[in-house]
file work_6.cif (mmCIF, C-alpha atoms)
data_coords
loop_
_atom_site.label_atom_id
_atom_site.label_comp_id
_atom_site.auth_asym_id
_atom_site.auth_seq_id
_atom_site.Cartn_x
_atom_site.Cartn_y
_atom_site.Cartn_z
CA MET A 1 0.00 0.00 0.00
CA LEU A 2 1.25 3.49 -0.85
CA ASP A 3 1.54 6.11 1.86
CA PHE A 4 0.92 9.39 0.01
CA PRO A 5 1.94 12.69 1.65
CA SER A 6 -0.92 13.99 3.80
CA SER A 7 -0.72 17.69 2.79
CA PRO A 8 0.58 17.75 -0.78
CA ALA A 9 1.29 20.92 -2.73
CA LEU A 10 -0.24 21.53 -6.16
CA ASN A 11 1.74 19.61 -8.86
CA GLN A 12 3.83 17.84 -6.21
CA ILE A 13 5.52 14.67 -7.49
CA PHE A 14 5.60 11.60 -5.25
CA GLN A 15 7.88 8.71 -6.17
CA PRO A 16 8.02 6.20 -3.29
CA VAL A 17 10.68 3.98 -4.92
CA ALA A 18 13.60 5.42 -6.89
CA GLY A 19 13.12 4.50 -10.55
CA GLY A 20 9.56 3.30 -9.83
CA PRO A 21 6.24 4.83 -10.81
CA ALA A 22 5.63 8.47 -9.95
CA TRP A 23 2.43 10.24 -8.91
CA LYS A 24 1.44 13.91 -9.33
CA PHE A 25 -1.04 15.84 -7.18
CA ASP A 26 -3.46 17.97 -9.26
CA GLY A 27 -4.98 19.84 -6.32
CA THR A 28 -7.70 17.20 -5.82
CA LYS A 29 -6.21 13.76 -6.39
CA TRP A 30 -2.99 11.89 -7.13
CA GLY A 31 -2.57 10.78 -10.77
CA ALA A 32 -0.12 8.23 -12.15
CA GLN A 33 2.64 9.72 -14.28
CA GLY A 34 4.29 8.18 -17.32
CA ALA A 35 1.30 6.09 -18.31
CA ALA A 36 -1.86 7.59 -19.75
CA LEU A 37 -5.15 6.52 -18.25
CA SER A 38 -7.47 4.73 -20.67
CA TYR A 39 -10.70 6.32 -21.84
CA LEU A 40 -13.21 3.91 -23.36
CA VAL A 41 -16.16 4.97 -25.51
CA ALA A 42 -18.62 2.12 -26.02
CA PHE A 43 -21.65 1.98 -28.30
CA ASP A 44 -24.35 -0.64 -28.85
CA ILE A 45 -26.61 -0.16 -31.87
CA PRO A 46 -29.28 -2.89 -31.83
CA GLY A 47 -31.03 -4.22 -34.93
CA VAL A 48 -30.08 -4.24 -38.60
CA LEU A 49 -27.56 -1.52 -39.42
CA THR A 50 -29.48 0.98 -41.58
CA ALA A 51 -28.08 4.04 -43.34
CA GLY A 52 -28.66 7.23 -41.37
CA ALA A 53 -28.45 5.66 -37.91
CA VAL A 54 -26.61 8.02 -35.55
CA PHE A 55 -24.86 7.56 -32.20
CA ALA A 56 -22.73 10.02 -30.26
CA HIS A 57 -20.67 10.64 -27.13
CA VAL A 58 -19.84 13.94 -25.38
CA PHE A 59 -16.41 13.80 -23.73
CA GLY A 60 -16.04 14.49 -20.03
CA ALA A 61 -12.25 14.79 -20.22
CA ASN A 62 -9.51 15.58 -22.73
CA VAL A 63 -8.91 12.41 -24.76
CA SER A 64 -6.73 11.34 -27.68
CA PHE A 65 -7.00 8.28 -29.91
CA PRO A 66 -4.21 6.64 -31.90
CA VAL A 67 -4.09 6.68 -35.70
CA ASN A 68 -6.66 4.23 -37.12
CA PHE A 69 -8.22 3.97 -33.65
CA SER A 70 -5.62 1.27 -32.94
CA GLY A 71 -6.76 -1.09 -30.17
CA SER A 72 -10.45 -0.37 -30.75
CA GLN A 73 -12.86 -3.25 -31.37
CA ALA A 74 -16.21 -3.83 -33.09
CA ARG A 75 -18.48 -6.80 -33.79
CA GLY A 76 -22.05 -7.67 -34.68
CA SER A 77 -24.42 -10.60 -34.33
CA ALA A 78 -24.73 -11.41 -38.05
CA ASN A 79 -22.26 -11.33 -40.95
CA ALA A 80 -22.46 -8.40 -43.36
CA THR A 81 -23.80 -9.04 -46.88
CA ALA A 82 -22.01 -6.02 -48.34
CA SER A 83 -19.59 -3.72 -46.49
CA PRO A 84 -21.36 -1.36 -44.09
CA VAL A 85 -19.55 1.89 -43.27
CA ILE A 86 -19.78 4.09 -40.19
CA THR A 87 -18.26 7.57 -40.53
CA PHE A 88 -16.91 9.17 -37.36
CA ALA A 89 -17.01 12.96 -37.05
CA LYS A 90 -15.98 15.52 -34.43
CA ALA A 91 -17.75 18.62 -33.17
CA THR A 92 -16.08 20.99 -30.74
CA ALA A 93 -17.79 22.25 -27.60
CA ALA A 94 -17.79 25.73 -29.15
CA SER A 95 -19.64 24.48 -32.29
CA PRO A 96 -21.58 21.42 -31.12
CA LEU A 97 -23.69 21.14 -34.29
CA THR A 98 -20.83 21.43 -36.80
CA PHE A 99 -19.18 18.07 -37.47
CA ALA A 100 -15.98 17.31 -39.43
CA ASP A 101 -15.21 13.75 -40.54
CA ILE A 102 -12.25 12.13 -38.78
CA GLY A 103 -12.41 8.44 -39.72
CA THR A 104 -14.42 5.37 -40.63
CA LEU A 105 -15.29 1.87 -39.51
CA THR A 106 -15.94 -0.65 -42.29
CA ILE A 107 -17.18 -4.20 -41.74
CA ALA A 108 -15.86 -6.61 -44.38
CA ALA A 109 -18.52 -8.39 -46.49
CA GLY A 110 -19.29 -11.90 -45.25
CA THR A 111 -17.82 -11.21 -41.80
CA THR A 112 -18.19 -9.20 -38.63
CA ASN A 113 -14.54 -8.07 -38.89
CA PRO A 114 -13.92 -4.33 -38.50
CA THR A 115 -11.39 -2.05 -40.14
CA PHE A 116 -10.93 1.32 -38.47
CA VAL A 117 -9.36 4.18 -40.44
CA ALA A 118 -8.27 7.57 -39.10
CA ALA A 119 -5.49 9.29 -41.03
CA ALA A 120 -4.55 11.44 -38.04
CA ALA A 121 -4.67 10.75 -34.32
CA PRO A 122 -8.01 12.31 -33.30
CA SER A 123 -8.10 14.29 -30.07
CA PHE A 124 -11.01 15.75 -28.12
CA ALA A 125 -11.34 18.32 -25.35
CA ALA A 126 -13.90 18.00 -22.58
CA GLY A 127 -17.25 19.00 -24.07
CA ASP A 128 -16.37 17.92 -27.63
CA THR A 129 -18.53 15.29 -29.34
CA ILE A 130 -17.75 12.23 -31.45
CA ARG A 131 -20.57 11.11 -33.70
CA GLY A 132 -20.95 7.85 -35.61
CA LEU A 133 -23.16 8.01 -38.69
CA VAL A 134 -24.02 4.90 -40.67
CA THR A 135 -23.23 6.12 -44.20
CA THR A 136 -23.61 2.70 -45.86
CA GLY A 137 -26.10 0.30 -44.31
CA ASP A 138 -26.37 -3.45 -44.76
CA VAL A 139 -29.39 -5.75 -45.10
CA SER A 140 -28.01 -8.45 -42.78
CA PHE A 141 -25.32 -7.01 -40.48
CA ALA A 142 -26.98 -6.51 -37.10
CA ASP A 143 -26.39 -5.47 -33.52
CA LEU A 144 -23.23 -3.39 -33.87
CA TYR A 145 -21.28 -3.11 -30.65
CA LEU A 146 -17.98 -1.27 -30.53
CA THR A 147 -15.44 0.17 -28.15
CA LEU A 148 -13.10 3.02 -29.05
CA VAL A 149 -9.93 2.93 -26.96
CA GLY A 150 -8.32 6.27 -26.21
CA ALA A 151 -6.19 7.84 -23.50
CA ARG A 152 -6.85 10.76 -21.23
CA ALA A 153 -4.67 13.64 -22.31
#
call {"tool": "encode", "arguments": {"input": "work_6.cif", "output": "structure tokens"}}
result
Amino acid sequence: MLDFPSSPALNQIFQPVAGGPAWKFDGTKWGAQGAALSYLVAFDIPGVLTAGAVFAHVFGANVSFPVNFSGSQARGSANATASPVITFAKATAASPLTFADIGTLTIAAGTTNPTFVAAAAPSFAAGDTIRGLVTTGDVSFADLYLTLVGARA
């Protein structure tokens, strides 16, 4: 068990073992240093995936995602007949109704296997929104469930 200092100063660093993990006090809590904390965004879209379906998440913290949403996962309950596409877009807190495309998720025909594409590493500030829009539906792919894996910035 760690014995943190009882009256820490703002931005104080605590490293109980030389060369071991360090902790930083942000004025409220101690946060681990050197390793970003994960931020997971999960969606579940029941039923057949139809064009025009929308899902969204408003961020409660600053978050960044790796290029191509590396580490993210998606599946469904029935194989796709064609190749359904979900387009991800970002809106800032200052312009919450103005979205700019940032990447896609495509399910390969005959499978439930996802391919995520994001040319840049998307990042979001607290209050920003990520939206998924089904831009190409599929007559048989159903019950999309996905998790985007990011890190708190």
call {"tool": "resolve_selection", "arguments": {"input": "work_6.cif", "expression": "the PyMOL selection byres ((chain A and resi 102) around 8)", "output": "mmCIF file with C-alpha atoms, keeping the file's coordinate frame"}}
result
data_model
loop_
_atom_site.group_PDB
_atom_site.id
_atom_site.type_symbol
_atom_site.label_atom_id
_atom_site.label_comp_id
_atom_site.auth_asym_id
_atom_site.auth_seq_id
_atom_site.Cartn_x
_atom_site.Cartn_y
_atom_site.Cartn_z
ATOM 1 C CA THR A 87 -18.260 7.570 -40.530
ATOM 2 C CA PHE A 88 -16.910 9.170 -37.360
ATOM 3 C CA ALA A 89 -17.010 12.960 -37.050
ATOM 4 C CA LYS A 90 -15.980 15.520 -34.430
ATOM 5 C CA ALA A 100 -15.980 17.310 -39.430
ATOM 6 C CA ASP A 101 -15.210 13.750 -40.540
ATOM 7 C CA GLY A 103 -12.410 8.440 -39.720
ATOM 8 C CA THR A 104 -14.420 5.370 -40.630
ATOM 9 C CA ALA A 118 -8.270 7.570 -39.100
ATOM 10 C CA ALA A 119 -5.490 9.290 -41.030
ATOM 11 C CA ALA A 120 -4.550 11.440 -38.040
ATOM 12 C CA PRO A 122 -8.010 12.310 -33.300
#
call {"tool": "atom_distance", "arguments": {"input": "work_6.cif", "atom1": "atom CA of Asp3 of chain A", "atom2": "atom CA of Gly27 of chain A"}}
result
17.3 Å
call {"tool": "closest_residue", "arguments": {"input": "work_6.cif", "among": "A:Phe65, A:Phe116, A:Trp23, A:Phe99", "to": "Leu40 of chain A", "atoms": "only C-alpha atoms"}}
result
A:Phe65
call {"tool": "residues_around", "arguments": {"input": "work_6.cif", "residues": "Gly31 of chain A", "least_positions_apart": "2", "cutoff": "12 Å", "atoms": "all atoms listed in the file", "output": "PyMOL selection string"}}
result
chain A and resi 4+10-15+21-29+33-37+152
call {"tool": "closest_atom_pairs", "arguments": {"input": "work_6.cif", "of": "segment 88-136 of chain A", "to": "segment 43-56 of chain A", "cutoff": "8 Å", "atoms": "all atoms listed in the file", "output": "JSON lines"}}
result
{"residue": "A:Thr129", "atom": "CA", "partner": "A:Ala56", "partner_atom": "CA", "distance": 6.8}
{"residue": "A:Ile130", "atom": "CA", "partner": "A:Ala56", "partner_atom": "CA", "distance": 5.6}
{"residue": "A:Arg131", "atom": "CA", "partner": "A:Ala56", "partner_atom": "CA", "distance": 4.2}
{"residue": "A:Gly132", "atom": "CA", "partner": "A:Phe55", "partner_atom": "CA", "distance": 5.2}
{"residue": "A:Leu133", "atom": "CA", "partner": "A:Val54", "partner_atom": "CA", "distance": 4.7}
{"residue": "A:Val134", "atom": "CA", "partner": "A:Ala51", "partner_atom": "CA", "distance": 4.9}
{"residue": "A:Thr135", "atom": "CA", "partner": "A:Ala51", "partner_atom": "CA", "distance": 5.3}
{"residue": "A:Thr136", "atom": "CA", "partner": "A:Ala51", "partner_atom": "CA", "distance": 5.3}
call {"tool": "atom_distance", "arguments": {"input": "work_6.cif", "atom1": "atom CA of Asp143 of chain A", "atom2": "atom CA of Val41 of chain A"}}
result
16.7 Å
call {"tool": "atom_distance", "arguments": {"input": "work_6.cif", "atom1": "atom CA of Ala91 of chain A", "atom2": "atom CA of Gly76 of chain A"}}
result
26.7 Å
call {"tool": "closest_residue", "arguments": {"input": "work_6.cif", "among": "A:Thr115, A:Thr81, A:Phe124, A:Ala108", "to": "Asp138 of chain A", "atoms": "all atoms listed in the file"}}
result
A:Thr81
call {"tool": "residues_around", "arguments": {"input": "work_6.cif", "residues": "Gln73 of chain A", "least_positions_apart": "3", "cutoff": "7 Å", "atoms": "all atoms listed in the file", "output": "number ranges by chain"}}
result
A: 146-148
call {"tool": "write_last_selection", "arguments": {"input": "work_6.cif", "atoms": "C-alpha atoms", "output": "PDB file, in the coordinates of the input"}}
result
ATOM      1  CA  LEU A 146     -17.980  -1.270 -30.530  1.00  0.00           C
ATOM      2  CA  THR A 147     -15.440   0.170 -28.150  1.00  0.00           C
ATOM      3  CA  LEU A 148     -13.100   3.020 -29.050  1.00  0.00           C
TER       4      LEU A 148
END
call {"tool": "closest_residue", "arguments": {"input": "work_6.cif", "among": "A:Ser6, A:Ser123, A:Asn113, A:Ser77", "to": "Val149 of chain A", "atoms": "all atoms listed in the file"}}
result
A:Ser123
call {"tool": "closest_residue", "arguments": {"input": "work_6.cif", "among": "A:Ile107, A:Ala9, A:Ala93, A:Ala78", "to": "Gly60 of chain A", "atoms": "only C-alpha atoms"}}
result
A:Ala93
call {"tool": "closest_residue", "arguments": {"input": "work_6.cif", "among": "A:Val63, A:Ala94, A:Leu105, A:Leu144", "to": "Ala121 of chain A", "atoms": "all atoms listed in the file"}}
result
A:Val63
call {"tool": "residues_around", "arguments": {"input": "work_6.cif", "residues": "Ala126 of chain A", "least_positions_apart": "6", "cutoff": "7 Å", "atoms": "only C-alpha atoms", "output": "CSV table (one decimal) with C-alpha atoms, in the frame of the given file"}}
result
chain,number,residue,atom,x,y,z
A,59,PHE,CA,-16.4,13.8,-23.7
A,60,GLY,CA,-16.0,14.5,-20.0
A,61,ALA,CA,-12.2,14.8,-20.2
A,62,ASN,CA,-9.5,15.6,-22.7
call {"tool": "closest_residue", "arguments": {"input": "work_6.cif", "among": "A:Ser7, A:Thr111, A:Ser95, A:Asn79", "to": "Val139 of chain A", "atoms": "all atoms listed in the file"}}
result
A:Asn79
call {"tool": "resolve_selection", "arguments": {"input": "work_6.cif", "expression": "the PyMOL selection byres ((chain A and resi 38) around 6)", "output": "PyMOL selection string"}}
result
chain A and resi 37+39+150-151
